[in-house]
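K.L.:
The following file, my_file.txt, comprises compact mmCIF, C-alpha atoms:
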```txt
# COMPACT_ATOMS: atom_id res chain seq x y z
CA MET A 1 19.46 55.31 -22.27
CA LYS A 2 15.80 55.61 -21.28
CA ARG A 3 14.88 53.12 -23.99
CA LEU A 4 17.31 50.58 -22.52
CA ILE A 5 15.71 50.59 -19.05
CA PRO A 6 12.51 48.66 -20.00
CA LEU A 7 14.65 46.12 -21.84
CA LEU A 8 16.91 45.65 -18.82
CA VAL A 9 13.86 45.25 -16.56
CA LEU A 10 12.44 42.56 -18.87
CA LEU A 11 15.75 40.70 -18.91
CA LEU A 12 15.97 40.82 -15.12
CA LEU A 13 12.39 39.54 -14.77
CA ALA A 14 13.09 36.72 -17.20
CA GLY A 15 16.20 35.78 -15.27
CA CYS A 16 14.26 35.74 -12.00
CA ALA A 17 11.54 33.54 -13.52
CA LYS A 18 14.15 31.13 -14.83
CA GLN A 19 15.87 31.01 -11.44
CA LYS A 20 12.55 30.34 -9.69
CA ALA A 21 11.79 27.49 -12.06
CA THR A 22 15.09 25.79 -11.44
CA ASP A 23 14.71 26.20 -7.66
CA THR A 24 11.47 24.17 -7.65
CA VAL A 25 10.92 20.49 -8.39
CA THR A 26 7.75 18.40 -8.49
CA ILE A 27 7.01 15.06 -6.88
CA GLY A 28 4.07 13.41 -8.63
CA VAL A 29 1.55 11.22 -6.82
CA PHE A 30 -0.67 8.81 -8.77
CA GLU A 31 -3.24 7.33 -6.42
CA PRO A 32 -7.01 6.73 -6.56
CA GLN A 33 -9.12 9.43 -4.92
CA GLN A 34 -12.48 7.95 -5.87
CA GLY A 35 -13.99 4.59 -6.72
CA LEU A 36 -13.38 1.21 -5.12
CA TYR A 37 -9.91 2.07 -3.78
CA GLY A 38 -10.49 5.78 -3.20
CA GLU A 39 -10.26 5.56 0.59
CA THR A 40 -6.83 3.97 0.33
CA GLY A 41 -5.51 6.57 -2.09
CA GLN A 42 -6.90 9.38 0.04
CA ASP A 43 -5.04 8.04 3.08
CA THR A 44 -1.80 7.80 1.09
CA TRP A 45 -2.27 11.38 -0.13
CA ARG A 46 -2.79 12.58 3.46
CA GLY A 47 0.50 10.97 4.47
CA VAL A 48 2.31 12.57 1.54
CA LYS A 49 0.89 16.03 2.29
CA LEU A 50 1.86 15.76 5.96
CA ALA A 51 5.45 14.83 5.10
CA HIS A 52 5.57 17.69 2.58
CA ARG A 53 4.31 20.21 5.13
CA LEU A 54 7.00 19.12 7.58
CA ARG A 55 9.74 18.95 4.94
CA PRO A 56 9.04 21.25 1.96
CA VAL A 57 12.68 21.54 0.86
CA ALA A 58 15.24 18.84 -0.05
CA GLY A 59 18.42 18.83 -2.09
CA GLY A 60 18.38 22.62 -2.10
CA LYS A 61 15.06 22.63 -3.97
CA LYS A 62 11.57 23.66 -2.98
CA ILE A 63 9.22 20.72 -3.55
CA GLU A 64 5.78 21.00 -5.07
CA LEU A 65 3.24 18.18 -5.21
CA ALA A 66 1.13 17.12 -8.20
CA LEU A 67 -1.71 14.62 -7.79
CA TYR A 68 -3.14 12.42 -10.55
CA ASP A 69 -6.37 10.67 -9.57
CA THR A 70 -6.35 7.17 -11.06
CA LYS A 71 -10.06 6.72 -10.20
CA SER A 72 -9.41 3.12 -9.06
CA GLN A 73 -8.83 2.06 -12.68
CA SER A 74 -5.68 0.08 -13.45
CA MET A 75 -5.14 1.69 -16.87
CA GLU A 76 -5.32 5.14 -15.30
CA ALA A 77 -2.27 4.24 -13.21
CA ALA A 78 -0.25 3.91 -16.42
CA ASN A 79 -1.74 7.15 -17.73
CA GLY A 80 -0.87 8.90 -14.47
CA VAL A 81 2.79 7.95 -14.78
CA SER A 82 2.89 9.20 -18.36
CA VAL A 83 1.18 12.52 -17.59
CA LEU A 84 3.20 13.32 -14.47
CA SER A 85 6.50 12.35 -16.10
CA ASP A 86 5.75 14.39 -19.22
CA GLU A 87 4.91 17.39 -17.05
CA GLY A 88 8.39 17.22 -15.55
CA ALA A 89 8.00 15.40 -12.23
CA LEU A 90 11.36 14.52 -10.70
CA ALA A 91 10.04 11.40 -8.94
CA LEU A 92 6.75 9.60 -8.31
CA ILE A 93 4.80 8.08 -5.44
CA GLY A 94 2.24 5.37 -6.27
CA THR A 95 0.23 3.35 -6.71
CA PHE A 96 -2.17 1.24 -4.71
CA GLY A 97 -3.02 -2.23 -5.93
CA THR A 98 -1.27 -5.15 -7.58
CA ASP A 99 -3.12 -4.85 -10.88
CA SER A 100 -2.66 -1.08 -11.14
CA MET A 101 1.05 -1.29 -10.38
CA ASN A 102 1.58 -4.01 -12.95
CA ARG A 103 0.00 -1.69 -15.54
CA ALA A 104 2.22 1.20 -14.45
CA ARG A 105 5.52 -0.72 -14.29
CA PRO A 106 6.45 -0.68 -17.99
CA VAL A 107 5.60 3.03 -18.25
CA ILE A 108 7.75 3.84 -15.20
CA ASN A 109 10.69 1.94 -16.68
CA ALA A 110 10.24 3.55 -20.10
CA ALA A 111 10.06 7.04 -18.57
CA LYS A 112 13.10 6.30 -16.36
CA ILE A 113 11.59 8.03 -13.36
CA PRO A 114 12.32 6.93 -9.76
CA THR A 115 9.12 5.71 -8.12
CA VAL A 116 8.52 4.77 -4.50
CA THR A 117 5.49 2.55 -3.97
CA GLY A 118 3.44 0.83 -1.31
CA SER A 119 2.05 -1.63 -3.84
CA THR A 120 2.13 -5.28 -2.85
CA ALA A 121 2.82 -6.47 -6.41
CA ALA A 122 5.47 -9.19 -6.46
CA ASP A 123 9.03 -8.89 -7.79
CA LEU A 124 9.16 -5.08 -7.78
CA GLU A 125 12.70 -5.26 -6.39
CA GLY A 126 13.79 -6.36 -9.87
CA ASP A 127 12.71 -3.06 -11.44
CA TYR A 128 15.57 -0.54 -11.41
CA TRP A 129 13.32 2.52 -11.22
CA ILE A 130 10.88 1.20 -8.59
CA THR A 131 11.48 1.09 -4.83
CA PRO A 132 8.88 -0.90 -2.84
CA LEU A 133 8.38 0.23 0.74
CA SER A 134 6.29 -2.53 2.24
CA MET A 135 5.60 -6.24 2.23
CA ASN A 136 4.42 -7.77 -1.03
CA ASP A 137 1.63 -10.26 -1.65
CA ASP A 138 3.94 -13.26 -1.42
CA GLU A 139 5.34 -12.14 1.94
CA GLN A 140 1.99 -11.40 3.56
CA ALA A 141 0.49 -14.66 2.31
CA ARG A 142 3.44 -16.64 3.71
CA ALA A 143 3.08 -14.85 7.03
CA MET A 144 -0.62 -15.68 7.29
CA ALA A 145 0.04 -19.30 6.29
CA ALA A 146 2.50 -19.64 9.17
CA PHE A 147 0.04 -18.00 11.58
CA ALA A 148 -2.83 -20.23 10.42
CA ALA A 149 -0.92 -23.49 10.74
CA THR A 150 1.15 -22.78 13.83
CA THR A 151 -0.70 -20.28 16.00
CA LEU A 152 -4.29 -21.16 15.10
CA GLY A 153 -3.51 -24.83 14.50
CA LEU A 154 -5.75 -25.09 11.43
CA ARG A 155 -5.72 -28.23 9.29
CA ASP A 156 -8.51 -27.77 6.68
CA ILE A 157 -8.65 -24.29 5.15
CA ALA A 158 -10.97 -22.96 2.45
CA VAL A 159 -9.27 -20.41 0.19
CA VAL A 160 -11.92 -18.04 -1.22
CA VAL A 161 -10.68 -15.53 -3.81
CA ASP A 162 -11.71 -13.23 -6.64
CA ALA A 163 -10.40 -15.22 -9.60
CA GLU A 164 -10.41 -12.14 -11.85
CA THR A 165 -7.77 -10.13 -9.99
CA GLY A 166 -4.02 -10.61 -9.85
CA TYR A 167 -4.12 -9.57 -6.20
CA GLY A 168 -6.41 -12.41 -5.13
CA ASN A 169 -4.74 -15.05 -7.27
CA ASP A 170 -1.23 -14.12 -6.14
CA LEU A 171 -2.18 -14.23 -2.47
CA ALA A 172 -4.09 -17.51 -2.79
CA HIS A 173 -1.25 -19.24 -4.63
CA ALA A 174 1.44 -18.08 -2.16
CA PHE A 175 -0.73 -18.99 0.85
CA ILE A 176 -1.44 -22.52 -0.39
CA GLU A 177 2.19 -23.14 -1.41
CA SER A 178 3.46 -21.98 2.00
CA LEU A 179 1.29 -24.24 4.15
CA PRO A 180 2.76 -27.44 5.62
CA ASP A 181 1.91 -30.68 3.80
CA TYR A 182 -0.44 -31.77 6.56
CA VAL A 183 -2.78 -28.81 5.97
CA ARG A 184 -5.46 -29.40 3.31
CA THR A 185 -6.93 -26.57 1.24
CA TYR A 186 -10.23 -26.17 -0.61
CA PRO A 187 -10.14 -23.44 -3.32
CA ILE A 188 -13.35 -21.52 -4.04
CA ASP A 189 -13.47 -18.75 -6.66
CA TYR A 190 -15.91 -15.88 -7.06
CA HIS A 191 -16.37 -13.10 -9.64
CA THR A 192 -15.55 -9.41 -9.20
CA GLY A 193 -18.56 -7.49 -7.90
CA GLU A 194 -20.16 -10.44 -6.08
CA THR A 195 -22.12 -9.43 -2.97
CA ARG A 196 -24.47 -12.31 -2.16
CA PHE A 197 -22.15 -15.37 -2.34
CA LYS A 198 -24.94 -17.98 -2.39
CA ARG A 199 -23.08 -20.37 -4.70
CA GLU A 200 -19.81 -20.00 -2.80
CA ILE A 201 -21.43 -20.57 0.60
CA ALA A 202 -23.21 -23.69 -0.72
CA ARG A 203 -19.86 -25.12 -1.84
CA LEU A 204 -18.17 -24.09 1.39
CA LYS A 205 -20.68 -26.04 3.48
CA LYS A 206 -19.70 -29.27 1.71
CA TYR A 207 -16.12 -29.08 3.02
CA PRO A 208 -14.89 -30.00 6.54
CA VAL A 209 -13.09 -26.66 6.99
CA ASP A 210 -11.79 -25.28 10.28
CA GLY A 211 -10.64 -21.97 8.79
CA ILE A 212 -11.13 -19.66 5.79
CA TYR A 213 -8.58 -17.48 3.98
CA CYS A 214 -10.33 -14.90 1.76
CA PRO A 215 -7.88 -12.13 0.82
CA GLY A 216 -10.05 -9.89 -1.34
CA ASP A 217 -10.93 -6.23 -1.58
CA SER A 218 -12.43 -4.70 1.54
CA ALA A 219 -16.01 -4.55 0.23
CA ALA A 220 -16.16 -8.02 -1.35
CA SER A 221 -14.53 -9.61 1.69
CA ALA A 222 -16.96 -7.91 4.07
CA TYR A 223 -19.96 -9.12 2.04
CA PHE A 224 -18.56 -12.65 1.98
CA ILE A 225 -17.97 -12.70 5.73
CA ARG A 226 -21.51 -11.49 6.39
CA ALA A 227 -22.87 -14.22 4.13
CA ALA A 228 -20.73 -16.86 5.86
CA LYS A 229 -21.81 -15.76 9.35
CA ASN A 230 -25.48 -15.61 8.29
CA ALA A 231 -25.11 -19.19 7.04
CA GLY A 232 -23.94 -20.29 10.48
CA ILE A 233 -20.27 -20.79 9.59
CA ARG A 234 -18.17 -20.19 12.71
CA VAL A 235 -14.47 -20.72 11.97
CA PRO A 236 -11.48 -18.34 12.03
CA LEU A 237 -11.47 -15.99 9.04
CA MET A 238 -8.22 -14.59 7.65
CA GLY A 239 -7.42 -11.95 5.05
CA ALA A 240 -4.85 -9.47 3.83
CA ASP A 241 -3.92 -5.79 3.91
CA ARG A 242 -7.05 -4.39 2.23
CA TRP A 243 -9.14 -5.35 5.25
CA GLU A 244 -7.66 -2.37 7.05
CA ASN A 245 -9.81 0.02 4.98
CA PRO A 246 -12.71 1.65 6.89
CA SER A 247 -15.26 0.29 4.38
CA PHE A 248 -14.44 -3.25 5.55
CA LYS A 249 -15.90 -2.52 8.98
CA GLU A 250 -18.68 -0.29 7.63
CA ILE A 251 -19.99 -3.04 5.32
CA GLY A 252 -19.12 -6.05 7.47
CA ARG A 253 -20.45 -4.53 10.71
CA ASP A 254 -20.52 -7.03 13.60
CA ALA A 255 -19.78 -9.97 11.28
CA VAL A 256 -16.11 -8.94 10.90
CA GLU A 257 -15.45 -8.99 14.63
CA ASP A 258 -12.40 -11.13 15.51
CA VAL A 259 -11.20 -11.70 11.93
CA TYR A 260 -7.43 -11.75 11.32
CA PHE A 261 -5.51 -9.95 8.60
CA THR A 262 -1.99 -8.91 7.67
CA ALA A 263 -1.03 -5.22 7.81
CA HIS A 264 1.91 -3.06 6.78
CA TYR A 265 1.82 -1.04 9.98
CA ALA A 266 0.78 -1.63 13.59
CA ARG A 267 0.56 1.94 14.81
CA TYR A 268 0.83 1.36 18.56
CA GLU A 269 3.33 -1.50 18.28
CA THR A 270 5.94 0.17 16.04
CA PHE A 271 8.67 1.41 18.34
CA ASN A 272 11.09 3.78 16.66
CA GLN A 273 11.55 7.54 16.74
CA ALA A 274 10.30 8.21 13.23
CA SER A 275 7.12 6.19 13.79
CA ASP A 276 6.36 8.00 17.05
CA ALA A 277 6.88 11.40 15.39
CA PHE A 278 4.61 10.41 12.48
CA LEU A 279 1.83 9.14 14.75
CA LYS A 280 1.76 12.35 16.82
CA ALA A 281 1.95 14.64 13.78
CA TYR A 282 -0.75 12.74 11.88
CA GLU A 283 -3.22 12.68 14.76
CA LYS A 284 -2.63 16.40 15.35
CA GLU A 285 -3.02 17.28 11.66
CA TYR A 286 -6.06 15.16 10.83
CA ASP A 287 -7.65 14.33 14.20
CA ARG A 288 -7.76 10.63 13.33
CA ALA A 289 -5.52 7.59 13.67
CA PRO A 290 -3.34 6.81 10.64
CA THR A 291 -3.70 3.70 8.51
CA SER A 292 -0.88 1.75 6.88
CA TYR A 293 -1.49 3.68 3.66
CA ALA A 294 -0.99 7.04 5.36
CA ALA A 295 2.30 5.74 6.78
CA ILE A 296 3.31 4.52 3.31
CA GLY A 297 2.64 7.93 1.75
CA TYR A 298 4.59 9.66 4.51
CA ASP A 299 7.56 7.32 4.17
CA ALA A 300 7.55 7.44 0.37
CA TYR A 301 7.86 11.24 0.38
CA ASN A 302 10.65 11.19 2.96
CA LEU A 303 12.53 8.49 1.08
CA ILE A 304 12.49 10.64 -2.06
CA ALA A 305 13.57 13.68 -0.05
CA ASP A 306 16.47 11.66 1.40
CA ALA A 307 17.48 10.64 -2.11
CA MET A 308 17.45 14.30 -3.19
CA ASN A 309 19.66 15.26 -0.25
CA GLN A 310 22.12 12.43 -0.77
CA ALA A 311 22.27 12.22 -4.57
CA GLY A 312 20.96 15.58 -5.72
CA PRO A 313 17.75 16.30 -7.67
CA ASP A 314 18.64 14.03 -10.57
CA ARG A 315 16.48 11.09 -11.64
CA ASP A 316 19.25 8.61 -12.39
CA ALA A 317 21.35 9.51 -9.33
CA MET A 318 18.29 9.22 -7.08
CA ALA A 319 17.40 5.82 -8.54
CA ARG A 320 20.95 4.57 -7.88
CA TYR A 321 20.79 5.82 -4.30
CA LEU A 322 17.45 4.12 -3.68
CA ARG A 323 18.68 0.84 -5.19
CA ARG A 324 21.65 0.74 -2.83
CA LEU A 325 19.74 1.72 0.31
CA ASN A 326 19.64 -1.15 2.80
CA THR A 327 17.90 0.37 5.84
CA PHE A 328 15.23 3.01 6.20
CA ASP A 329 13.94 4.39 9.51
CA GLY A 330 10.37 5.56 8.89
CA ALA A 331 6.76 5.56 10.01
CA LEU A 332 6.44 1.88 9.06
CA GLY A 333 9.30 1.06 11.41
CA ILE A 334 12.91 0.28 10.68
CA THR A 335 12.87 -1.48 7.32
CA LYS A 336 15.85 -3.68 6.49
CA ARG A 337 15.61 -4.27 2.77
CA HIS A 338 16.88 -7.48 1.17
CA LYS A 339 16.60 -9.31 4.52
CA THR A 340 13.77 -10.88 6.50
CA ARG A 341 10.39 -9.16 6.61
CA ASN A 342 8.37 -8.71 9.80
CA VAL A 343 4.67 -8.90 9.00
CA SER A 344 2.07 -7.72 11.52
CA ILE A 345 -0.99 -9.88 12.19
CA MET A 346 -4.02 -7.84 13.28
CA ARG A 347 -7.39 -8.80 14.76
CA GLN A 348 -10.53 -6.71 14.27
CA LYS A 349 -12.02 -5.54 17.56
CA GLY A 350 -14.85 -3.06 17.38
CA ASN A 351 -13.92 -0.16 15.13
CA LYS A 352 -10.19 -0.77 15.23
CA ALA A 353 -7.67 -3.49 14.53
CA ASN A 354 -5.56 -4.75 17.42
CA TYR A 355 -2.05 -6.08 17.04
CA VAL A 356 -1.79 -9.84 17.66
CA SER A 357 1.70 -10.92 16.67
CA THR A 358 4.52 -10.62 14.18
CA GLU A 359 5.45 -13.30 11.67
CA GLU A 360 8.96 -13.20 10.25
CA VAL A 361 9.33 -14.33 6.65
CA ALA A 362 12.52 -14.65 4.63
CA TYR A 363 13.11 -12.11 1.87
```
Once more with this new file: its structure as structure tokens, please.

P.N.:
Amino acid sequence: MKRLIPLLVLLLLAGCAKQKATDTVTIGVFEPQQGLYGETGQDTWRGVKLAHRLRPVAGGKKIELALYDTKSQSMEAANGVSVLSDEGALALIGTFGTDSMNRARPVINAAKIPTVTGSTAADLEGDYWITPLSMNDDEQARAMAAFAATTLGLRDIAVVVDAETGYGNDLAHAFIESLPDYVRTYPIDYHTGETRFKREIARLKKYPVDGIYCPGDSAASAYFIRAAKNAGIRVPLMGADRWENPSFKEIGRDAVEDVYFTAHYARYETFNQASDAFLKAYEKEYDRAPTSYAAIGYDAYNLIADAMNQAGPDRDAMARYLRRLNTFDGALGITKRHKTRNVSIMRQKGNKANYVSTEEVAY
């Protein structure tokens, strides 16, 4: 009998370990924590961690987080999906950037893992396993086109973009195609990594422009705006969601004052209960104001937790739930999927962006 006791203890311990394993699930996050887009990924990760702290259990399971740093490299986004999925993640959150998401898409679909993303890559709604949370490049470009033509009354607009990125090309194309026929455009391309913009400014001065749309990365856009202002160019400057990053102001300094850009989230102009709760919790937790990317991370986690509660901790059931979801009340506001999109237009004032208006674009 004495010999049986150690064996029984081992069996009981094994059973407890097995029970613990089945009571815990992992949500994987693949976002850049360093490199060109590191600040954006860090903000998203802060939002995810805050939501997890407030809601550590869903669907009867304790949730653990696993982070894969994509290092701002598009191929690492695909690797992150593969690693996190192979390690048993139930669902994923990620990733920033049009190019990175387009690399990750086929891996997500092959792994059959539900993924909630704040990426602005176009046509993500067509992917069964991917749920986009925010406006895409086409929607934000159309919103800025309407603002430029109607509110600012511009008629001759230079479109300055990084020709080597899908992000810049997609935004430029949608912006130009959405303008009324009476607005003329003057495309100017630059190469990734450009900081001086001498050639581009020389070309720009030859055109009779009354506005400039330059939807690039935060650093490149800030360098371009400084170059334009130093060259004496004084017209309205417009951009896209990446201008919200702190590095845009840090590099652009006084030159970026009064520029306009589209944003996923206008923190003091989003009036719903979930947004108010997020804003207060985030400022208390981190002693700073949240960006759009923090709100995206927060909402992405809660959307996955809702799917776990409603469909159970099962990949396919969660994906079906997310596909059928029409309305989500979150930090970004009340999102009505498959309908019109409300896009916030912001204006840089000092160290913060102020809300200007909302442009409604059809889905």

K.L.:
Which residues of stretch 152-224 of chain A come within 12 Å of stretch 102-106 of chain A, and for each one, what is the closest pair of atoms and their distance in Å to one decimal, counting only C-alpha atoms, sorted by chain and residue number, as CSV?

P.N.:
```
residue,atom,partner,partner_atom,distance
A:Thr165,CA,A:Asn102,CA,11.6
A:Gly166,CA,A:Asn102,CA,9.2
A:Tyr167,CA,A:Asn102,CA,10.4
```

K.L.:
Around the point (-5.0, -26.4, 10.7), in the coordinates given by the file, pick out the residues reaching within 9 Å, counting all atoms listed in the file, and return them as an MDAnalysis selection string.

P.N.:
chainID A and resid 148:150 152:157 182:184 209:211

K.L.:
Fewer than 3 positions away in the same chain doesn't count, so skip those; otherwise give me all residues within 6 Å of A:Val160, counting only C-alpha atoms, as a PyMOL selection string.

P.N.:
chain A and resi 188-189+214

K.L.:
What separation in Å, quoted to one decimal, exists between atom CA of A:Gln33 and atom CA of A:Lys71?

P.N.:
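Computing it gives 6.0 Å between the two atoms.
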
K.L.:
Might you pull out every residue within 10 Å of A:Tyr37, with all atoms listed in the file counted and same-chain residues fewer than 6 positions away left off, and present them as a list in words?

P.N.:
Glu31, Thr70, Lys71, Ser72, Gln73, Phe96, Gly97, Asp217, Ser218, Ala219, Arg242, Asn245 and Ser247 of chain A

K.L.:
Mind giving me the straight-line distance from atom CA of A:Met308 to atom CA of A:Asn109 in Å, one decimal?

P.N.:
19.5 Å

K.L.:
In Å, how far is it from atom CA of A:Arg55 to atom CA of A:Gln42?

P.N.:
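Separation of atom CA of A:Arg55 and atom CA of A:Gln42: 19.8 Å.
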
K.L.:
Taking all atoms listed in the file into account, which of A:Asp99, A:Asp306, A:Asp43, A:Asp138 comes nearest A:Tyr286?

P.N.:
A:Asp43

K.L.:
Might you pull out every residue within 12 Å of A:Ala277, with all atoms listed in the file counted and same-chain residues fewer than 2 positions away left off, and present them as JSON, numbers by chain?

P.N.:
{"A": [50, 51, 54, 267, 270, 271, 272, 273, 274, 275, 279, 280, 281, 282, 283, 284, 295, 298, 299, 329, 330, 331, 332, 333]}

K.L.:
Is there a way to complete stretch 125-147 of chain A with N, CA and C atoms and then write that out as a compact mmCIF listing (two decimals), in the coordinates of the input?

P.N.:
```txt
# COMPACT_ATOMS: atom_id res chain seq x y z
N GLU A 125 11.28 -5.49 -6.67
CA GLU A 125 12.70 -5.26 -6.39
C GLU A 125 13.55 -5.42 -7.65
N GLY A 126 13.04 -6.15 -8.64
CA GLY A 126 13.79 -6.36 -9.87
C GLY A 126 13.72 -5.19 -10.83
N ASP A 127 12.86 -4.23 -10.57
CA ASP A 127 12.71 -3.06 -11.44
C ASP A 127 13.64 -1.94 -10.95
N TYR A 128 14.55 -1.52 -11.80
CA TYR A 128 15.57 -0.54 -11.41
C TYR A 128 14.96 0.75 -10.90
N TRP A 129 13.87 1.21 -11.51
CA TRP A 129 13.32 2.52 -11.22
C TRP A 129 12.26 2.50 -10.11
N ILE A 130 11.95 1.32 -9.59
CA ILE A 130 10.88 1.20 -8.59
C ILE A 130 11.44 0.74 -7.25
N THR A 131 11.06 1.45 -6.19
CA THR A 131 11.48 1.09 -4.83
C THR A 131 10.25 0.75 -4.00
N PRO A 132 10.02 -0.52 -3.69
CA PRO A 132 8.88 -0.90 -2.84
C PRO A 132 9.19 -0.63 -1.37
N LEU A 133 8.19 -0.12 -0.66
CA LEU A 133 8.38 0.23 0.74
C LEU A 133 7.93 -0.87 1.70
N SER A 134 6.96 -1.66 1.29
CA SER A 134 6.29 -2.53 2.24
C SER A 134 6.29 -3.98 1.78
N MET A 135 5.69 -4.82 2.57
CA MET A 135 5.60 -6.24 2.23
C MET A 135 4.83 -6.41 0.92
N ASN A 136 5.17 -7.48 0.20
CA ASN A 136 4.42 -7.77 -1.03
C ASN A 136 3.41 -8.90 -0.77
N ASP A 137 2.68 -9.24 -1.81
CA ASP A 137 1.63 -10.26 -1.65
C ASP A 137 2.19 -11.60 -1.21
N ASP A 138 3.33 -11.98 -1.78
CA ASP A 138 3.94 -13.26 -1.42
C ASP A 138 4.32 -13.29 0.06
N GLU A 139 4.90 -12.19 0.55
CA GLU A 139 5.34 -12.14 1.94
C GLU A 139 4.17 -12.16 2.91
N GLN A 140 3.11 -11.40 2.62
CA GLN A 140 1.99 -11.40 3.56
C GLN A 140 1.21 -12.71 3.53
N ALA A 141 1.16 -13.36 2.38
CA ALA A 141 0.49 -14.66 2.31
C ALA A 141 1.28 -15.72 3.09
N ARG A 142 2.61 -15.69 2.96
CA ARG A 142 3.44 -16.64 3.71
C ARG A 142 3.32 -16.42 5.21
N ALA A 143 3.22 -15.16 5.61
CA ALA A 143 3.08 -14.85 7.03
C ALA A 143 1.76 -15.39 7.58
N MET A 144 0.68 -15.19 6.82
CA MET A 144 -0.62 -15.68 7.29
C MET A 144 -0.69 -17.20 7.27
N ALA A 145 -0.01 -17.84 6.33
CA ALA A 145 0.04 -19.30 6.29
C ALA A 145 0.71 -19.84 7.55
N ALA A 146 1.81 -19.21 7.96
CA ALA A 146 2.50 -19.64 9.17
C ALA A 146 1.62 -19.43 10.40
N PHE A 147 0.93 -18.30 10.46
CA PHE A 147 0.04 -18.00 11.58
C PHE A 147 -1.12 -18.99 11.64
```
